[in-house]
Amino acid sequence: MEKFTEANSLYDGLENMSVSEIIVSINKEDHKVAKAVKKALPMVEALIQAAFLKMNSGGRLFYLGSGTSGRLGILDASECPPTFGVSPGLVIGIIAGGDHAIRNAVEHAEDDMDAGWKQLQEYKITDKDFVVGISSSGFTPYVIGAIQKCASAGIDTGCITSNPGTPLAAEAHYPIEVIVGPEFVTGSTRMKSGTAQKMTLNIISTSLMIKLGKIKGNKMVDMQPLNNKLLDRGAKMIMAQLNIDYDKALALLKKHGSVRKAIEKYL
């Protein structure tokens with residue numbers, strides 16, 4: 001089975017390139033990512049619809065991966081509470097090797113078929129939840145093992161991968177295949193494949209949060225105002241909605257903790 005993620009780069013002699021040649025070539029390859037994501041949108045939609053049914057009934061969303069894939073899942077999960085005002089327990093990112101692996105490579109962590117399922121069990125996962133396995137190659141034992149165990153336990157699953165027809169996609173109920181082609185540096189899936197994963201995760205989490213009612217109009221009305229920039233943004237939302245002055249809007253935001261609550265209490 002051909003692995004595009006391991007295919008030889010379309011470029012050679014990288015060490016002899018000028019900086020200009022390097023960055024133009026990388027950018028040229030990056031332009032292919034959005035097109036690949038667009039082709040995968042029907043698969044992305046199917047996953048989102050299935051995950052929404054679970055989350056709308058009280059379930060959780062789990063991301064699970066190793067290396068770059070695991071880190072990107074954790075990144076997306078960690079941004080949901082401040083952006084959408086949801087509990088940190090609603091979207092959960094898990095990485096092979098545990099939290100230490102977020103900053104440091106953990107040798108052979110991705111080769112353990114049983115570790116992912118064990119980590120999921122620590123969260124008392126049930127068939128109310130939805131699990132997305134992330135693996136550029138689609139061959140990562142850590143991710144495949146967890147998805148297999150989830151299926152055996154009646155838990156709905158999806159995946160994101162950058163190769164077609166992989167063992168991971170075969171195990172997942174809702175596979176997403178974003179085929180970005182060979183990396184600029186051969187096998188360096190932190191590049192195009194990682195970018196494709198980030199774009200896809202953005203689409204998944206944002207779409208789910210919109211459908212779960214966490215956005216009003218086009219505004220993050222449930223965001224947590226944790227710094228001055230967000231306090232300012234929130235105050236201006238309240239000003240526009242209630243037609244009041246800035247100081248009053250800011251006071252309401254500080255008192256109630258979110259734009260939505262401030263507006264509801266005022267009204």
# chains A, B, ... in the order shown; residues from 1 in each chain; ligands from 1

$ closest_atom_pairs --of "segment 84-113 of chain A" --to "segment 125-142 of chain A" --cutoff "7 Å" --atoms "only C-alpha atoms" --output "tab-separated table"
residue	atom	partner	partner_atom	distance
A:Ala96	CA	A:Tyr142	CA	7.0
A:Glu110	CA	A:Tyr142	CA	4.9
A:Asp111	CA	A:Pro141	CA	5.2
A:Asp112	CA	A:Tyr142	CA	5.1
A:Met113	CA	A:Tyr142	CA	4.6

$ write_last_selection --atoms "N, CA and C atoms" --output "PDB file, in the first residue's frame"
ATOM      1  N   ALA A  96      -0.017   9.867  22.914  1.00  0.00           N
ATOM      2  CA  ALA A  96       0.797   8.700  23.261  1.00  0.00           C
ATOM      3  C   ALA A  96       1.988   9.134  24.101  1.00  0.00           C
ATOM      4  N   GLU A 110       4.220   5.415  20.309  1.00  0.00           N
ATOM      5  CA  GLU A 110       3.209   5.207  19.273  1.00  0.00           C
ATOM      6  C   GLU A 110       3.067   3.748  18.862  1.00  0.00           C
ATOM      7  N   ASP A 111       3.969   2.884  19.340  1.00  0.00           N
ATOM      8  CA  ASP A 111       3.956   1.476  18.936  1.00  0.00           C
ATOM      9  C   ASP A 111       3.138   0.576  19.868  1.00  0.00           C
ATOM     10  N   ASP A 112       2.615   1.158  20.951  1.00  0.00           N
ATOM     11  CA  ASP A 112       1.863   0.388  21.944  1.00  0.00           C
ATOM     12  C   ASP A 112       0.387   0.329  21.551  1.00  0.00           C
ATOM     13  N   MET A 113      -0.074  -0.832  21.146  1.00  0.00           N
ATOM     14  CA  MET A 113      -1.458  -1.001  20.691  1.00  0.00           C
ATOM     15  C   MET A 113      -2.487  -0.827  21.805  1.00  0.00           C
TER      16      MET A 113
END

$ select_by_dssp --residues "segment 109-250 of chain A" --states "strand (DSSP E)" --output "PyMOL selection string"
chain A and resi 130-134+156-161+174-177

$ closest_residue --among "A:Lys124, A:Ser66, A:Leu75, A:Phe4" --to "Ala109 of chain A" --atoms "only C-alpha atoms"
A:Ser66

$ closest_residue --among "A:Val19, A:Val106, A:Leu120, A:Leu231" --to "Cys150 of chain A" --atoms "only C-alpha atoms"
A:Leu120

$ residues_around --residues "segment 13-16 of chain A" --least-positions-apart "6" --cutoff "12 Å" --atoms "only C-alpha atoms" --output "list in words"
Ile22, Ile23, Ser25, Ile26, Phe184, Val185 and Thr186 of chain A

$ write_last_selection --atoms "C-alpha atoms" --output "CSV table (one decimal), in the first residue's frame"
chain,number,residue,atom,x,y,z
A,22,ILE,CA,13.1,27.2,0.2
A,23,ILE,CA,10.3,29.4,1.4
A,25,SER,CA,8.8,26.0,-2.4
A,26,ILE,CA,7.3,25.4,1.0
A,184,PHE,CA,8.7,19.1,1.2
A,185,VAL,CA,11.1,17.4,3.6
A,186,THR,CA,10.5,13.7,2.9

$ residues_around --residues "Ser78 of chain A" --least-positions-apart "3" --cutoff "10 Å" --atoms "only C-alpha atoms" --output "list in words"
Leu72, Gly73, Ile74, Leu75, Pro81, Pro82, Thr83, Pro88, Gly89, Val91, Ile92 and Gly93 of chain A

$ write_last_selection --atoms "N, CA and C atoms" --output "PDB file, in the first residue's frame"
ATOM      1  N   LEU A  72      -1.562  18.323  18.163  1.00  0.00           N
ATOM      2  CA  LEU A  72      -2.578  19.143  17.506  1.00  0.00           C
ATOM      3  C   LEU A  72      -3.967  18.865  18.081  1.00  0.00           C
ATOM      4  N   GLY A  73      -4.238  17.609  18.437  1.00  0.00           N
ATOM      5  CA  GLY A  73      -5.503  17.297  19.086  1.00  0.00           C
ATOM      6  C   GLY A  73      -5.634  17.991  20.428  1.00  0.00           C
ATOM      7  N   ILE A  74      -4.542  17.972  21.196  1.00  0.00           N
ATOM      8  CA  ILE A  74      -4.540  18.641  22.496  1.00  0.00           C
ATOM      9  C   ILE A  74      -4.707  20.145  22.325  1.00  0.00           C
ATOM     10  N   LEU A  75      -4.055  20.709  21.316  1.00  0.00           N
ATOM     11  CA  LEU A  75      -4.185  22.146  21.047  1.00  0.00           C
ATOM     12  C   LEU A  75      -5.633  22.519  20.776  1.00  0.00           C
ATOM     13  N   PRO A  81     -12.417  25.553  25.807  1.00  0.00           N
ATOM     14  CA  PRO A  81     -12.964  26.250  26.975  1.00  0.00           C
ATOM     15  C   PRO A  81     -12.853  27.776  26.908  1.00  0.00           C
ATOM     16  N   PRO A  82     -11.672  28.363  26.611  1.00  0.00           N
ATOM     17  CA  PRO A  82     -11.628  29.822  26.572  1.00  0.00           C
ATOM     18  C   PRO A  82     -12.397  30.425  25.403  1.00  0.00           C
ATOM     19  N   THR A  83     -12.455  29.724  24.281  1.00  0.00           N
ATOM     20  CA  THR A  83     -13.124  30.273  23.097  1.00  0.00           C
ATOM     21  C   THR A  83     -14.635  30.157  23.180  1.00  0.00           C
ATOM     22  N   PRO A  88     -13.657  22.045  30.431  1.00  0.00           N
ATOM     23  CA  PRO A  88     -12.470  21.366  29.904  1.00  0.00           C
ATOM     24  C   PRO A  88     -12.693  19.877  29.671  1.00  0.00           C
ATOM     25  N   GLY A  89     -13.747  19.338  30.246  1.00  0.00           N
ATOM     26  CA  GLY A  89     -14.039  17.925  30.095  1.00  0.00           C
ATOM     27  C   GLY A  89     -14.921  17.595  28.900  1.00  0.00           C
ATOM     28  N   VAL A  91     -14.238  18.490  25.460  1.00  0.00           N
ATOM     29  CA  VAL A  91     -13.346  18.094  24.363  1.00  0.00           C
ATOM     30  C   VAL A  91     -11.989  17.784  24.981  1.00  0.00           C
ATOM     31  N   ILE A  92     -11.517  16.572  24.802  1.00  0.00           N
ATOM     32  CA  ILE A  92     -10.326  16.090  25.517  1.00  0.00           C
ATOM     33  C   ILE A  92      -9.301  15.562  24.523  1.00  0.00           C
ATOM     34  N   GLY A  93      -8.077  16.045  24.639  1.00  0.00           N
ATOM     35  CA  GLY A  93      -6.991  15.577  23.797  1.00  0.00           C
ATOM     36  C   GLY A  93      -6.085  14.626  24.557  1.00  0.00           C
TER      37      GLY A  93
END

$ residues_around --residues "Gly145 of chain A" --least-positions-apart "5" --cutoff "8 Å" --atoms "only C-alpha atoms" --output "PyMOL selection string"
chain A and resi 113-114+116-117

$ closest_residue --among "A:Gln119, A:Ser162, A:Gln49, A:Thr157" --to "Lys192 of chain A" --atoms "only C-alpha atoms"
A:Ser162

$ atom_distance --atom1 "atom CA of Gly187 of chain A" --atom2 "atom CA of Thr5 of chain A"
5.7 Å

$ residues_around --residues "segment 166-177 of chain A" --least-positions-apart "2" --cutoff "7 Å" --atoms "only C-alpha atoms" --output "VMD selection string"
chain A and resid 40 43 to 44 46 to 47 138 to 139 144 147 to 148 156 to 164 179

$ select_by_dssp --residues "segment 38-89 of chain A" --states "alpha helix (DSSP H)" --output "VMD selection string"
chain A and resid 38 to 39 41 to 55 67 to 84

$ atom_distance --atom1 "atom CA of Val221 of chain A" --atom2 "atom CA of Val259 of chain A"
4.9 Å

$ closest_residue --among "A:Leu253, A:Ala153, A:Ile238, A:Met209" --to "Leu226 of chain A" --atoms "only C-alpha atoms"
A:Leu253

$ residues_around --residues "segment 241-244 of chain A" --least-positions-apart "3" --cutoff "9 Å" --atoms "only C-alpha atoms" --output "MDAnalysis selection string"
chainID A and resid 236:238 247:249 263 266:267

$ write_last_selection --atoms "N, CA and C atoms" --output "mmCIF file, in the first residue's frame"
data_model
loop_
_atom_site.group_PDB
_atom_site.id
_atom_site.type_symbol
_atom_site.label_atom_id
_atom_site.label_comp_id
_atom_site.auth_asym_id
_atom_site.auth_seq_id
_atom_site.Cartn_x
_atom_site.Cartn_y
_atom_site.Cartn_z
ATOM 1 N N LYS A 236 -17.223 45.431 23.857
ATOM 2 C CA LYS A 236 -17.720 46.014 22.606
ATOM 3 C C LYS A 236 -18.898 45.207 22.052
ATOM 4 N N MET A 237 -18.895 43.903 22.252
ATOM 5 C CA MET A 237 -20.056 43.104 21.854
ATOM 6 C C MET A 237 -21.294 43.536 22.635
ATOM 7 N N ILE A 238 -21.112 43.722 23.930
ATOM 8 C CA ILE A 238 -22.237 44.105 24.795
ATOM 9 C C ILE A 238 -22.731 45.496 24.439
ATOM 10 N N ASP A 247 -18.009 51.783 29.377
ATOM 11 C CA ASP A 247 -17.736 51.522 30.789
ATOM 12 C C ASP A 247 -18.823 50.663 31.431
ATOM 13 N N LYS A 248 -20.050 50.936 31.068
ATOM 14 C CA LYS A 248 -21.151 50.150 31.618
ATOM 15 C C LYS A 248 -21.084 48.709 31.086
ATOM 16 N N ALA A 249 -20.768 48.572 29.804
ATOM 17 C CA ALA A 249 -20.653 47.241 29.204
ATOM 18 C C ALA A 249 -19.523 46.451 29.855
ATOM 19 N N ILE A 263 -25.582 40.100 28.863
ATOM 20 C CA ILE A 263 -26.742 40.559 28.095
ATOM 21 C C ILE A 263 -28.040 40.015 28.682
ATOM 22 N N TYR A 266 -28.879 41.789 31.973
ATOM 23 C CA TYR A 266 -29.282 43.187 31.742
ATOM 24 C C TYR A 266 -30.712 43.244 31.209
ATOM 25 N N LEU A 267 -31.009 42.355 30.274
ATOM 26 C CA LEU A 267 -32.352 42.367 29.689
ATOM 27 C C LEU A 267 -33.407 41.878 30.682
#

$ atom_distance --atom1 "atom CA of Met55 of chain A" --atom2 "atom CA of Asp76 of chain A"
16.3 Å

$ closest_residue --among "A:Glu183, A:Val86, A:Ala151, A:Lys229" --to "Asn27 of chain A" --atoms "only C-alpha atoms"
A:Glu183

$ closest_residue --among "A:Ser20, A:Ser207, A:Asn202, A:Asn227" --to "Ala77 of chain A" --atoms "only C-alpha atoms"
A:Asn202

$ decode --residues "segment 193-223 of chain A" --atoms "N, CA and C atoms" --output "compact mmCIF listing (two decimals), in the first residue's frame"
# COMPACT_ATOMS: atom_id res chain seq x y z
N SER A 193 0.87 17.61 6.24
CA SER A 193 -0.09 16.74 6.92
C SER A 193 -0.56 17.37 8.23
N GLY A 194 0.40 17.93 8.98
CA GLY A 194 0.05 18.60 10.23
C GLY A 194 -0.85 19.80 10.00
N THR A 195 -0.56 20.56 8.94
CA THR A 195 -1.40 21.71 8.61
C THR A 195 -2.81 21.25 8.24
N ALA A 196 -2.90 20.16 7.50
CA ALA A 196 -4.22 19.62 7.14
C ALA A 196 -4.99 19.18 8.37
N GLN A 197 -4.29 18.56 9.32
CA GLN A 197 -4.94 18.14 10.56
C GLN A 197 -5.46 19.35 11.33
N LYS A 198 -4.63 20.40 11.43
CA LYS A 198 -5.05 21.61 12.15
C LYS A 198 -6.28 22.23 11.49
N MET A 199 -6.27 22.33 10.18
CA MET A 199 -7.42 22.90 9.48
C MET A 199 -8.68 22.06 9.70
N THR A 200 -8.52 20.75 9.63
CA THR A 200 -9.66 19.86 9.80
C THR A 200 -10.21 19.92 11.22
N LEU A 201 -9.32 19.94 12.20
CA LEU A 201 -9.75 20.04 13.60
C LEU A 201 -10.46 21.36 13.85
N ASN A 202 -9.96 22.44 13.25
CA ASN A 202 -10.64 23.73 13.38
C ASN A 202 -12.08 23.63 12.88
N ILE A 203 -12.24 22.99 11.73
CA ILE A 203 -13.58 22.85 11.14
C ILE A 203 -14.47 22.01 12.05
N ILE A 204 -13.93 20.91 12.56
CA ILE A 204 -14.72 20.01 13.40
C ILE A 204 -15.19 20.71 14.67
N SER A 205 -14.25 21.25 15.44
CA SER A 205 -14.62 21.82 16.74
C SER A 205 -15.48 23.07 16.59
N THR A 206 -15.15 23.93 15.62
CA THR A 206 -15.94 25.15 15.44
C THR A 206 -17.36 24.83 15.00
N SER A 207 -17.49 23.90 14.06
CA SER A 207 -18.83 23.52 13.61
C SER A 207 -19.66 22.93 14.75
N LEU A 208 -19.04 22.07 15.54
CA LEU A 208 -19.75 21.45 16.66
C LEU A 208 -20.18 22.50 17.67
N MET A 209 -19.31 23.45 17.99
CA MET A 209 -19.65 24.46 18.98
C MET A 209 -20.75 25.39 18.48
N ILE A 210 -20.73 25.69 17.19
CA ILE A 210 -21.82 26.50 16.63
C ILE A 210 -23.15 25.76 16.75
N LYS A 211 -23.15 24.48 16.38
CA LYS A 211 -24.39 23.71 16.44
C LYS A 211 -24.84 23.46 17.88
N LEU A 212 -23.90 23.49 18.82
CA LEU A 212 -24.24 23.32 20.24
C LEU A 212 -24.68 24.64 20.88
N GLY A 213 -24.74 25.71 20.07
CA GLY A 213 -25.28 26.98 20.56
C GLY A 213 -24.27 27.89 21.24
N LYS A 214 -23.00 27.71 20.98
CA LYS A 214 -21.97 28.49 21.67
C LYS A 214 -21.58 29.77 20.93
N ILE A 215 -22.21 30.01 19.79
CA ILE A 215 -21.97 31.24 19.02
C ILE A 215 -23.32 31.90 18.77
N LYS A 216 -23.35 33.24 18.86
CA LYS A 216 -24.57 33.98 18.54
C LYS A 216 -24.24 34.96 17.43
N GLY A 217 -24.94 34.86 16.32
CA GLY A 217 -24.58 35.67 15.15
C GLY A 217 -23.27 35.14 14.60
N ASN A 218 -22.21 35.91 14.81
CA ASN A 218 -20.87 35.43 14.50
C ASN A 218 -19.91 35.68 15.65
N LYS A 219 -20.47 35.87 16.84
CA LYS A 219 -19.68 36.27 17.99
C LYS A 219 -19.50 35.16 19.02
N MET A 220 -18.33 35.19 19.68
CA MET A 220 -18.01 34.22 20.75
C MET A 220 -18.61 34.70 22.06
N VAL A 221 -19.91 34.60 22.20
CA VAL A 221 -20.60 35.19 23.35
C VAL A 221 -20.34 34.42 24.64
N ASP A 222 -19.80 33.22 24.55
CA ASP A 222 -19.51 32.44 25.76
C ASP A 222 -18.02 32.38 26.08
N MET A 223 -17.20 33.13 25.33
CA MET A 223 -15.76 33.10 25.58
C MET A 223 -15.45 33.54 27.01
